[in-house]
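Undergrad: The following file, final_36.cif, comprises mmCIF, C-alpha atoms:
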data_run
loop_
_atom_site.label_atom_id
_atom_site.label_comp_id
_atom_site.auth_asym_id
_atom_site.auth_seq_id
_atom_site.Cartn_x
_atom_site.Cartn_y
_atom_site.Cartn_z
CA MET A 366 -8.64 10.17 -8.33
CA ILE A 367 -5.57 8.06 -7.70
CA LEU A 368 -5.21 5.27 -10.26
CA THR A 369 -3.01 2.91 -8.24
CA PRO A 370 -3.34 3.40 -4.47
CA ILE A 371 -0.20 3.16 -2.35
CA ALA A 372 -0.46 1.97 1.25
CA LEU A 373 1.07 4.26 3.85
CA PRO A 374 3.73 1.69 4.91
CA ASP A 375 4.90 1.45 1.28
CA LEU A 376 5.02 5.17 0.64
CA PRO A 377 8.46 6.03 2.11
CA THR A 378 10.13 3.46 -0.15
CA ALA A 379 8.27 4.73 -3.22
CA LEU A 380 9.31 8.30 -2.42
CA GLU A 381 12.91 7.28 -1.88
CA GLN A 382 13.02 5.51 -5.23
CA PHE A 383 11.60 8.53 -7.05
CA ASP A 384 14.06 10.79 -5.27
CA LEU A 385 16.97 8.60 -6.38
CA CYS A 386 15.90 8.70 -10.01
CA LEU A 387 16.13 12.52 -9.84
CA ASP A 388 19.79 12.55 -8.76
CA ASP A 389 20.80 13.96 -12.14
CA GLN A 390 18.05 16.62 -12.07
CA PRO A 391 18.84 18.87 -9.11
CA LEU A 392 16.03 21.39 -9.58
CA ALA A 393 13.37 18.71 -9.96
CA GLN A 394 14.83 16.88 -6.98
CA LYS A 395 14.62 20.02 -4.83
CA ALA A 396 10.99 20.52 -5.77
CA PHE A 397 10.18 16.86 -5.14
CA ARG A 398 11.87 16.87 -1.76
CA ARG A 399 9.70 19.80 -0.66
CA ILE A 400 6.66 17.72 -1.51
CA ALA A 401 7.96 14.46 -0.02
CA ALA A 402 8.83 16.18 3.26
CA THR A 403 5.15 16.91 3.85
CA LEU A 404 4.59 13.23 4.60
CA ALA A 405 5.32 14.35 8.16
CA HIS A 406 2.08 16.38 8.08
CA VAL A 407 -0.17 13.48 7.04
CA GLU A 408 -2.79 12.85 9.72
CA ASP A 409 -4.96 10.19 8.02
CA GLU A 410 -3.61 6.74 7.25
CA THR A 411 -6.10 6.40 4.38
CA LEU A 412 -4.01 9.00 2.49
CA GLU A 413 -7.12 10.92 1.50
CA LEU A 414 -7.03 14.68 0.95
CA SER A 415 -7.10 16.68 4.17
CA GLN A 416 -10.42 17.90 5.55
CA ASN A 417 -8.71 19.69 8.45
CA PRO A 418 -10.53 22.98 9.27
CA ARG A 419 -7.18 24.66 9.99
CA HIS A 420 -5.91 23.69 6.54
CA GLN A 421 -9.17 25.02 5.08
CA ALA A 422 -8.73 28.40 6.77
CA GLU A 423 -5.09 28.58 5.67
CA ALA A 424 -6.02 27.75 2.08
CA VAL A 425 -8.68 30.47 2.00
CA ALA A 426 -6.23 32.99 3.46
CA LEU A 427 -3.65 32.05 0.82
CA ILE A 428 -5.94 32.51 -2.17
CA ARG A 429 -6.96 35.92 -0.82
CA THR A 430 -3.32 37.01 -1.01
CA PHE A 431 -3.55 36.45 -4.78
CA GLY A 432 -6.59 38.72 -5.01
CA MET A 433 -8.97 35.80 -5.53
CA GLY A 434 -12.43 36.28 -4.10
CA VAL A 435 -14.14 33.75 -1.85
CA LEU A 436 -17.61 32.22 -2.15
CA GLU A 437 -18.79 30.36 0.94
CA GLN A 438 -20.49 27.61 -1.01
CA PRO A 439 -19.59 24.30 -2.63
CA PRO A 440 -18.58 24.39 -6.29
CA THR A 441 -21.44 22.01 -7.04
CA ASN A 442 -23.71 25.05 -6.58
CA GLY A 443 -22.07 26.72 -9.58
CA TYR A 444 -18.41 26.87 -10.58
CA THR A 445 -15.12 26.18 -8.88
CA TRP A 446 -13.90 29.55 -10.23
CA ASN A 447 -16.58 31.96 -11.46
CA GLY A 448 -14.10 34.45 -12.90
CA GLU A 449 -13.79 36.41 -9.67
CA ALA A 450 -13.99 34.00 -6.75
CA VAL A 451 -13.35 30.41 -5.65
CA ALA A 452 -16.17 28.34 -4.16
CA VAL A 453 -14.30 27.28 -1.03
CA GLN A 454 -16.50 24.61 0.54
CA MET A 455 -14.21 21.83 -0.68
CA GLU A 456 -10.89 20.25 0.29
CA PRO A 457 -8.09 22.71 1.15
CA SER A 458 -5.89 21.09 -1.49
CA VAL A 459 -8.42 21.85 -4.22
CA ILE A 460 -8.72 25.45 -3.05
CA ILE A 461 -4.95 25.92 -3.32
CA HIS A 462 -4.99 24.17 -6.70
CA GLU A 463 -6.89 27.20 -8.03
CA ILE A 464 -3.81 29.35 -7.38
CA GLY A 465 -1.93 27.15 -9.81
CA HIS A 466 -4.62 27.75 -12.41
CA LEU A 467 -4.51 31.50 -11.84
CA GLN A 468 -0.75 31.58 -12.30
CA VAL A 469 -0.49 29.46 -15.45
CA CYS A 470 -3.56 30.53 -17.41
CA ALA A 471 -3.39 33.21 -20.09
CA PRO A 472 -4.30 36.69 -18.73
CA GLU A 473 -7.42 36.94 -20.90
CA ARG A 474 -8.78 33.76 -19.29
CA ARG A 475 -8.30 34.78 -15.66
CA THR A 476 -11.89 36.01 -15.57
CA ALA A 477 -13.31 33.06 -17.54
CA LEU A 478 -15.45 30.37 -15.93
CA ASP A 479 -13.07 27.69 -14.62
CA PHE A 480 -10.27 29.54 -16.44
CA GLY A 481 -11.62 28.55 -19.85
CA LEU A 482 -10.55 24.93 -19.37
CA GLY A 483 -14.02 23.46 -19.15
CA ALA A 484 -15.80 22.20 -16.08
CA GLY A 485 -13.58 21.09 -13.23
CA PRO A 486 -14.36 17.85 -11.37
CA GLU A 487 -16.19 19.78 -8.62
CA THR A 488 -18.10 22.24 -10.84
CA GLY A 489 -21.90 21.92 -10.76
CA CYS A 490 -22.81 24.02 -13.81
CA ARG A 491 -20.92 21.75 -16.12
CA SER A 492 -22.51 22.60 -19.45
CA GLU A 493 -22.01 26.34 -18.93
CA ALA A 494 -18.37 25.87 -17.94
CA ASP A 495 -17.77 23.58 -20.92
CA GLN A 496 -19.31 26.15 -23.26
CA ALA A 497 -16.75 28.67 -21.97
CA MET A 498 -13.85 26.32 -22.81
CA THR A 499 -11.28 27.86 -25.15
CA VAL A 500 -8.30 25.55 -24.53
CA HIS A 501 -8.42 21.98 -25.87
CA GLY A 502 -6.38 18.85 -26.42
CA VAL A 503 -2.69 18.73 -25.60
CA GLU A 504 -2.52 22.39 -24.57
CA ARG A 505 -5.30 21.85 -22.05
CA GLU A 506 -3.60 18.74 -20.65
CA MET A 507 -0.31 20.57 -20.29
CA GLU A 508 -1.88 23.56 -18.59
CA GLU A 509 -3.65 21.23 -16.16
CA ALA A 510 -0.31 19.55 -15.37
CA LEU A 511 1.39 22.90 -14.77
CA ALA A 512 -1.43 24.08 -12.50
CA SER A 513 -1.45 20.76 -10.67
CA LEU A 514 2.21 20.79 -9.73
CA GLN A 515 2.23 24.52 -8.96
CA GLY A 516 -0.68 24.06 -6.56
CA ILE A 517 1.00 21.08 -4.88
CA LEU A 518 4.16 23.10 -4.36
CA TRP A 519 2.12 25.89 -2.78
CA GLU A 520 0.67 23.32 -0.37
CA ALA A 521 4.20 22.31 0.57
CA GLU A 522 5.18 25.96 0.94
CA VAL A 523 2.50 26.51 3.60
CA ASN A 524 3.24 23.21 5.38
CA GLN A 525 0.13 21.35 4.31
CA PRO A 526 0.25 17.62 3.36
CA ALA A 527 1.07 18.23 -0.31
CA ILE A 528 2.09 14.61 -0.71
CA LEU A 529 -1.61 13.65 -0.63
CA ALA A 530 -2.43 15.77 -3.69
CA PHE A 531 0.77 14.50 -5.34
CA LEU A 532 -0.62 10.98 -5.01
CA GLU A 533 -4.23 11.89 -5.77
CA GLN A 534 -3.24 13.65 -8.98
CA ASN A 535 -1.14 10.63 -10.00
CA TRP A 536 2.31 12.22 -10.08
CA LEU A 537 3.74 8.99 -8.65
CA GLU A 538 1.86 6.73 -11.07
CA GLY A 539 4.56 4.65 -12.74
CA GLY A 540 6.97 5.32 -9.89
CA ALA A 541 10.57 5.96 -10.88
CA ASN A 542 10.25 4.77 -14.47
CA ALA A 543 11.80 6.89 -17.22
CA GLN A 544 8.51 8.20 -18.59
CA ASN A 545 7.21 9.38 -15.23
CA LYS A 546 10.54 10.97 -14.37
CA ALA A 547 10.66 12.78 -17.72
CA HIS A 548 7.15 14.16 -17.24
CA PHE A 549 7.90 15.48 -13.76
CA VAL A 550 11.21 17.01 -14.83
CA LYS A 551 9.58 18.63 -17.86
CA ILE A 552 6.83 20.29 -15.81
CA VAL A 553 9.27 21.51 -13.14
CA SER A 554 11.61 22.88 -15.80
CA HIS A 555 8.80 24.67 -17.56
CA LEU A 556 7.50 26.31 -14.37
CA HIS A 557 11.04 27.42 -13.57
CA ARG A 558 11.70 28.71 -17.08
CA PHE A 559 8.77 31.09 -16.82
CA GLY A 560 9.57 32.21 -13.28
CA LEU A 561 6.84 30.34 -11.44
CA LEU A 562 9.44 28.37 -9.46
CA ASP A 563 12.69 29.74 -8.08
CA ASP A 564 16.09 28.04 -8.16
CA ASP A 565 15.23 26.10 -5.00
CA GLY A 566 12.03 24.67 -6.46
CA ARG A 567 9.80 26.96 -4.42
CA PRO A 568 6.71 28.61 -5.97
CA THR A 569 6.83 32.32 -6.73
CA ARG A 570 3.95 34.75 -7.16
CA THR A 571 4.62 35.24 -10.86
CA LEU A 572 1.65 35.21 -13.25
CA ARG A 573 1.84 34.17 -16.88
CA GLU A 574 2.58 37.15 -19.09
CA ALA A 575 0.15 38.51 -21.67
CA ASP A 576 2.54 38.34 -24.63
CA ASP A 577 3.91 34.90 -23.85
CA ALA A 578 2.75 32.92 -26.88
CA THR A 579 5.33 30.18 -26.24
CA PHE A 580 4.18 29.35 -22.72
CA LEU A 581 2.88 25.89 -23.61
CA THR A 582 4.76 25.28 -26.87
CA PRO A 583 7.79 23.35 -25.52
CA LEU A 584 5.49 20.90 -23.78
CA CYS A 585 3.32 20.05 -26.73
CA GLY A 586 6.00 18.12 -28.57
CA GLY A 587 7.62 16.36 -25.72
#
Starting from the file, lay out its structure as structure tokens.

TA:
Amino acid sequence: MILTPIALPDLPTALEQFDLCLDDQPLAQKAFRRIAATLAHVEDETLELSQNPRHQAEAVALIRTFGMGVLEQPPTNGYTWNGEAVAVQMEPSVIIHEIGHLQVCAPERRTALDFGLGAGPETGCRSEADQAMTVHGVEREMEEALASLQGILWEAEVNQPAILAFLEQNWLEGGANAQNKAHFVKIVSHLHRFGLLDDDGRPTRTLREADDATFLTPLCGG
């Protein structure tokens, strides 16, 4: 949930300011501009996540290309990710977010309930999902951030209003201040370092490697 709402008339200025603060970070700026450009696809002045049936169908089609199964039910009936399939009766943005989780989680957790991160906001069987949690603290927070931005960039890649998830997941909280800029640059750099983003800031289909013990390490200290 967005912490500090931004009115639609104020959004272009906020995006321009964040873009300017990234002038010395070309890769992060490229990635951000892909997200900011999707403001043109926003259909609802309330800036709430899309409920468009076309976006829903596109999101389902996209997760299938990653080999993710589909459950035609809301996640409140069970899990957002049951280890094999996504419960797709939810916002298209949240469906695509699960691709980010698939890509950044350790291989041994790809078949774990909600990727071993504990119950997601939409998950109904919360105690069961929490019991399956194997990632905690800073590592969990960092993996959530990586999955968040990766999913948002996939939304941009398929011409959905990624800017809405960018706002909803509080990537613009704090605006162009140094701390917010550093966090965004760090996550972009990390995704790129491990091949999840290309040199133009576009998402790739790379999955985290099995022997990559350092995947989260650089983020934990900084």

Undergrad: Which residue gives the smallest distance to Pro440 (chain A) among A:Ala521, A:Ala512, A:Ala452, A:Val503, with all atoms listed in the file counted?

TA: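 Distance minimum relative to Pro440 (chain A) lands on A:Ala452.
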
Undergrad: Translate the PyMOL selection byres ((chain A and resi 429) around 12), as applied to the file shown, into an explicit residue set as a list in words.

TA: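 Taken over the shown coordinates, the PyMOL selection byres ((chain A and resi 429) around 12) returns Ala422, Glu423, Ala424, Val425, Ala426, Leu427, Ile428, Thr430, Phe431, Gly432, Met433, Gly434, Val435, Leu436, Glu449, Ala450, Val451, Val453, Ile460, Ile461, Glu463 and Ile464 of chain A.
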
Undergrad: For region 398-408 of chain A, list every protein, DNA or RNA residue within 12 Å, evaluated using only C-alpha atoms, and leave out those in the same chain fewer than 4 positions away; present the list as JSON, numbers by chain.

TA: {"A": [373, 374, 376, 377, 378, 379, 380, 381, 382, 383, 384, 385, 387, 388, 391, 392, 393, 394, 412, 413, 414, 415, 416, 417, 420, 514, 515, 516, 517, 518, 519, 520, 521, 522, 523, 524, 525, 526, 527, 528, 529, 530, 531, 532, 536, 537, 565, 566, 567, 568]}

Undergrad: Take the PyMOL selection byres ((chain A and resi 555) around 12), apply it to the structure above, and return the hits as a PyMOL selection string.

TA: chain A and resi 392-393+469+507-508+510-512+514-515+548-554+556-563+566+573+579-585+587

Undergrad: Just give me the gap between CA of Met455 (chain A) and CA of Cys470 (chain A) in Å, one decimal is fine.

TA: 21.7 Å

Undergrad: Kindly give the distance, in Å, that separates CA of Ala484 (chain A) and CA of Glu574 (chain A), rounded to a single decimal.

TA: 23.9 Å

Undergrad: Given the file above and the PyMOL selection byres ((chain A and resi 479) around 12), which residues are selected, and can you give them as JSON, numbers by chain?

TA: {"A": [440, 443, 444, 445, 446, 447, 448, 449, 450, 451, 452, 462, 463, 464, 466, 467, 470, 474, 475, 476, 477, 478, 480, 481, 482, 483, 484, 485, 486, 487, 488, 489, 490, 491, 492, 493, 494, 495, 496, 497, 498, 499, 500, 509]}

Undergrad: Give me, please, the distance in Å between CA of Glu437 (chain A) and CA of Gln454 (chain A), quoted to one decimal.

TA: 6.2 Å

Undergrad: Report the centre and edge lengths, in Å to one decimal, of an axis-aligned box enclosing every atom of region 524-534 of chain A listed in the file, padded by 8 Å on each side, as JSON.

TA:
{"center_x": -0.5, "center_y": 17.1, "center_z": -1.8, "size_x": 23.5, "size_y": 28.2, "size_z": 30.4}

Undergrad: Return the single residue from A:Glu410, A:Asp564, A:Glu538, A:Glu504 that is closest to Leu368 (chain A), with distances computed using only C-alpha atoms.

TA: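 That would be A:Glu538, the residue with the smallest distance to Leu368 (chain A).
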
Undergrad: With distances taken over only C-alpha atoms, which residue among A:Glu506, A:Gln534, A:Arg419, A:Asp389 lies nearest Val459 (chain A)?

TA: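 Using only C-alpha atoms, the shortest distance to Val459 (chain A) belongs to A:Gln534.
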